[in-house]
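Beneath this line is the structure, given in structure tokens, with notes to follow.
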2 protein chains.
Amino acid sequence: VRGGKTLPELNGQGIAALDRLAATEAIAYDFLAKGGKHSRPFITLAVYDALTGSRGTLGDGATHLADLPDPVRRGALSIETFHKASLVHDDIEDDDAFRYGEDTIHRKFGVPTAINVGDYLIGLGYRLVSRETPRLGADVAADILDRLAEAHMKLAEGQGAELLWRDGGNKRLAPLDALKIYALKTAPAFEAALLTGARLAGPVDAYLEPIGQFARNLGVAFQILNDLKDWEGDCDNKLASGGDVLGGRPTVLWALALEALDEARRAELESLVARQTADAGVVERVRQLYRAAGVFDKAARLVDKHQERAEAVADAIEPEELRRLFYYLIDTVLDRPAPSEPAVLTPTLPFGLPVVSAS
Amino acid sequence: VRGGKTLPELNGQGIAALDRLAATEAIAYDFLAKGGKHSRPFITLAVYDALTGSRGTLGDGATHLADLPDPVRRGALSIETFHKASLVHDDIEDDDAFRYGEDTIHRKFGVPTAINVGDYLIGLGYRLVSRETPRLGADVAADILDRLAEAHMKLAEGQGAELLWRDGGNKRLAPLDALKIYALKTAPAFEAALLTGARLAGPVDAYLEPIGQFARNLGVAFQILNDLKDWEGDCDNKLASGGDVLGGRPTVLWALALEALDEARRAELESLVARQTADAGVVERVRQLYRAAGVFDKAARLVDKHQERAEAVADAIEPEELRRLFYYLIDTVLDRPAPSEPAVLTPTLPFGLPVVSAS
């Protein structure tokens, strides 16, 4: 951080103490260094590692972050930077109050500065790769930048669909459209992380199609599973799940319910949501209607289907190291008892990182 | 626009009529196609034209847009796309109500969707270039993308400094810091537009330094001149100028006043601003204090200085076509009687576009 100023000085009245010209960078770097599981940059580094066969060169069966080439680490950091940028803007869009156990950026510094810090982080995401052009080679840099830009636009399309559904009056939703939104919201980040790692390791033409398939199916399965988890557990969790129903994310559960219920119960479901109050009674009645519509079973089968497709991609992919990584990602991202766990699944955890999940 | 839907359907209750998955693209494309003088993409095309010598190939002394290679036009469109993205986010940050004679995007669709549409446009700005990698060559594409990312980050730093000054309690400001903010806010867009045009035409190593100098000095001169214009004219304009003083842009005029006034009058100036009411009496008193501090004369001399530096760059640059373009830009962007107008200045207006200004 330029000037070595610390963040507390930035906040509130103390803002004047900090060089304003360095403040945006300081806020952005501070947020970038904050929490999160770093699952996306982990994926990038793990794919690079799987494809370059560098694992185990240290004798302890693991690759250490510091041993990876600098441009590779910057590529992974770029993936994390885009993720962090999207969090800053998402938190404004959802008016979330907390992130990483602290006030969100817009709660700390106001919406205008938060929008701008997000913009800065997006620029940094691109620049971390574009500046490496001399070391990466222009072909590699331009390819990665194109993948990043493509993911960036798809995410915005998915986020836009979600916001317009949330903020619009019409809550109709076809299951296929819900799945399309899931694919746009979750797959591009996986795909960009995977492809960046692969492109840093070498040509990717042979991987474009399978990685796209894998990311889409894994992302969609992850999101449906996430929705289902909202409905598990005790009464406390019911209120949280109510938030999703009433707060207006266009879930596939909601779409499946609308599709299966008769007109009277569909109208009842819509009227429950239109009330915009998530008391336990409302949430319980929504749960009954979901159950009557067979939503939970159908959704679980959709998870199975997408997981199986992701596994089929993994089965066909080479080299072995990449296949094992794909199975490792399926298991950790989906975090459910795998119905068809393959015998080969004994992945070494590279980098000593903890189990990955996609949140 | 995908699906051929029209925008009125998107607005308000009609939103449901449009495919939500296509809505972000539709809103973004619609805004991209809207008004503005297109001064930035004009600069890109004009530099390309000056350096490739394609002007006049049609016999009428002008290059027509349709005759330029497709990747060149997309490069120029990228520059415009970044500009439009920044307008969407700036309008939220300033809570401006109108743009191009219509409601701003956030007034039409809400802040969340507007943030997201701006994000989409940023992604599109990069993608317009990155997708052209096969036709441009990876070297050219990666170079341009790096310039775009650099400009993107600088603009966010400048915007951040301005916002933190505006939203912070401390209104102290050194003239040098005001000029640095101007350079960050205005120069990167000029520079990216110029360099993109130059890089589309060929290698730019020899142009990096002069184009950077030219953009910085032209941008700063433009911005100071803009500030001065706020104080010209009749009583109606006074209220507009009051907006700048009281609404909180960190102008160099303000900084020069703080620097030159004695303590009592500086305190008076600060108390006038702290009131946050821009009635004619307040504005007139600020004008008197500015005059007493010699602000207007000093600022005019700063414009001269930066204009002269831009002209010095122009004098030294080759080829002749580029020098003439630089002088044309100085004259049109600054739009003031040139004190040292060169005899050679008889530029053909390429593309039949109207006179350029930077707003």
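Residue numbering restarts at 1 for every chain of the structure tokens, chains are lettered A, B, ... in their displayed order, and ligands are numbered from 1 as they appear.
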Write out as a PyMOL selection string which residues come within 9 Å of Ile79 of chain A when counting only C-alpha atoms, dropping same-chain ones fewer than 5 positions away. chain A and resi 40-41+44+74+84+125+148+189+192-193+196
Write down, as a list in words, each residue of chain B that has any atom within 6 Å of an atom of chain A, counting only C-alpha atoms.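 Therefore, the residues near the partner are Ala16, Arg20, Leu21, Thr24, Glu93, Pro112, Tyr120, Gly123, Arg127, Ser130, Ala138, Asp139, Ala142, Asp146, Ala149, His152, Met153, Ala156, Glu157, Gly160, Ala161 and Asn170 of chain B.
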Tyr182 of chain A: which residues within 10 Å, counting only C-alpha atoms, same-chain residues fewer than 6 positions away excluded, as a PyMOL selection string? chain A and resi 155+158-159+162+176+216-217+219-224+250-252
What's around Leu173 of chain B at 8 Å? Count only C-alpha atoms, leave out sequence neighbours fewer than 6 positions away in its own chain, and write the answer as JSON, numbers by chain. {"B": [250, 254, 255, 258]}
Go through A:Ala292, A:Val282, A:Leu51, A:Phe326 one by one, measure the shortest atom-to-atom distance of each to Val204 of chain A using only C-alpha atoms, and give the residue with the smallest value.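 Selected residue with least distance to Val204 of chain A: A:Leu51.
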Among segment 70-293 of chain B, which residues does DSSP mark as helix (DSSP H, G or I) when it is run on the backbone? Keep the chain and numbering as in the structure and answer as a count of residues only. 182
Selection near Ala260 of chain B, 9 Å with only C-alpha atoms, sequence-local residues under 4 positions removed, as a ChimeraX atom specification: /B:255-256,266,292-295
Dump as a short mmCIF file (atom, residue, chain, number, x, y, z; two decimals), in the first residue's frame, selection limited to all heavy atoms:
```cif
data_model
loop_
_atom_site.label_atom_id
_atom_site.label_comp_id
_atom_site.auth_asym_id
_atom_site.auth_seq_id
_atom_site.Cartn_x
_atom_site.Cartn_y
_atom_site.Cartn_z
N ALA B 255 -8.39 25.46 -4.44
CA ALA B 255 -7.07 25.25 -3.84
C ALA B 255 -6.22 26.53 -3.91
O ALA B 255 -5.52 26.88 -2.95
CB ALA B 255 -6.36 24.10 -4.55
N LEU B 256 -6.30 27.22 -5.04
CA LEU B 256 -5.53 28.47 -5.19
C LEU B 256 -6.04 29.53 -4.21
O LEU B 256 -5.25 30.31 -3.67
CB LEU B 256 -5.64 28.99 -6.63
CG LEU B 256 -4.88 28.19 -7.69
CD1 LEU B 256 -5.31 28.63 -9.10
CD2 LEU B 256 -3.36 28.35 -7.52
N ARG B 266 -9.66 33.04 4.57
CA ARG B 266 -9.74 31.60 4.29
C ARG B 266 -10.84 30.97 5.16
O ARG B 266 -11.63 30.16 4.70
CB ARG B 266 -8.40 30.92 4.56
CG ARG B 266 -8.35 29.49 4.06
CD ARG B 266 -6.93 28.94 4.06
NE ARG B 266 -6.39 28.87 5.41
CZ ARG B 266 -5.17 29.28 5.75
NH1 ARG B 266 -4.36 29.81 4.85
NH2 ARG B 266 -4.76 29.18 7.00
N ALA B 292 -10.00 38.31 -5.00
CA ALA B 292 -9.01 38.87 -4.08
C ALA B 292 -7.76 37.99 -4.02
O ALA B 292 -6.64 38.49 -3.85
CB ALA B 292 -9.62 39.02 -2.69
N ALA B 293 -7.96 36.70 -4.16
CA ALA B 293 -6.83 35.77 -4.10
C ALA B 293 -6.12 35.65 -5.45
O ALA B 293 -5.13 34.92 -5.56
CB ALA B 293 -7.32 34.40 -3.64
N GLY B 294 -6.65 36.36 -6.45
CA GLY B 294 -6.03 36.28 -7.78
C GLY B 294 -6.23 34.94 -8.45
O GLY B 294 -5.48 34.55 -9.35
N VAL B 295 -7.29 34.25 -8.04
CA VAL B 295 -7.51 32.88 -8.51
C VAL B 295 -7.71 32.81 -10.02
O VAL B 295 -7.14 31.94 -10.69
CB VAL B 295 -8.72 32.26 -7.78
CG1 VAL B 295 -9.28 31.06 -8.53
CG2 VAL B 295 -8.31 31.86 -6.35
#
```
May I have the residues within 10 Å of segment 311-315 of chain B as a VMD selection string, using only C-alpha atoms and disregarding those fewer than 6 positions away in the same chain? chain B and resid 209 to 215 217 to 218 305 322 to 327 330 340 to 342
Write the residues of the selection above to a file with C-alpha atoms, as a PDB file, in the first residue's frame.
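Once written, out_33.pdb looks like this:
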```pdb
ATOM      1  CA  GLU B 209       6.175   9.593 -23.798  1.00  0.00           C
ATOM      2  CA  PRO B 210       4.876  12.408 -26.027  1.00  0.00           C
ATOM      3  CA  ILE B 211       1.315  11.111 -26.046  1.00  0.00           C
ATOM      4  CA  GLY B 212       1.387  10.822 -22.258  1.00  0.00           C
ATOM      5  CA  GLN B 213       2.667  14.400 -21.967  1.00  0.00           C
ATOM      6  CA  PHE B 214       0.207  15.689 -24.493  1.00  0.00           C
ATOM      7  CA  ALA B 215      -2.776  13.974 -22.860  1.00  0.00           C
ATOM      8  CA  ASN B 217      -1.342  18.765 -20.350  1.00  0.00           C
ATOM      9  CA  LEU B 218      -4.363  18.903 -22.614  1.00  0.00           C
ATOM     10  CA  LYS B 305       1.181  26.832 -19.278  1.00  0.00           C
ATOM     11  CA  LEU B 322      -0.307  13.764 -36.361  1.00  0.00           C
ATOM     12  CA  ARG B 323       1.028  17.236 -35.496  1.00  0.00           C
ATOM     13  CA  ARG B 324      -1.898  18.828 -37.275  1.00  0.00           C
ATOM     14  CA  LEU B 325      -4.287  16.547 -35.457  1.00  0.00           C
ATOM     15  CA  PHE B 326      -2.715  17.482 -32.111  1.00  0.00           C
ATOM     16  CA  TYR B 327      -3.173  21.173 -32.873  1.00  0.00           C
ATOM     17  CA  ILE B 330      -5.853  21.553 -28.663  1.00  0.00           C
ATOM     18  CA  SER B 340       0.044  31.121 -30.747  1.00  0.00           C
ATOM     19  CA  GLU B 341      -1.981  29.632 -33.519  1.00  0.00           C
ATOM     20  CA  PRO B 342       0.381  28.079 -36.039  1.00  0.00           C
TER      21      PRO B 342
END
```
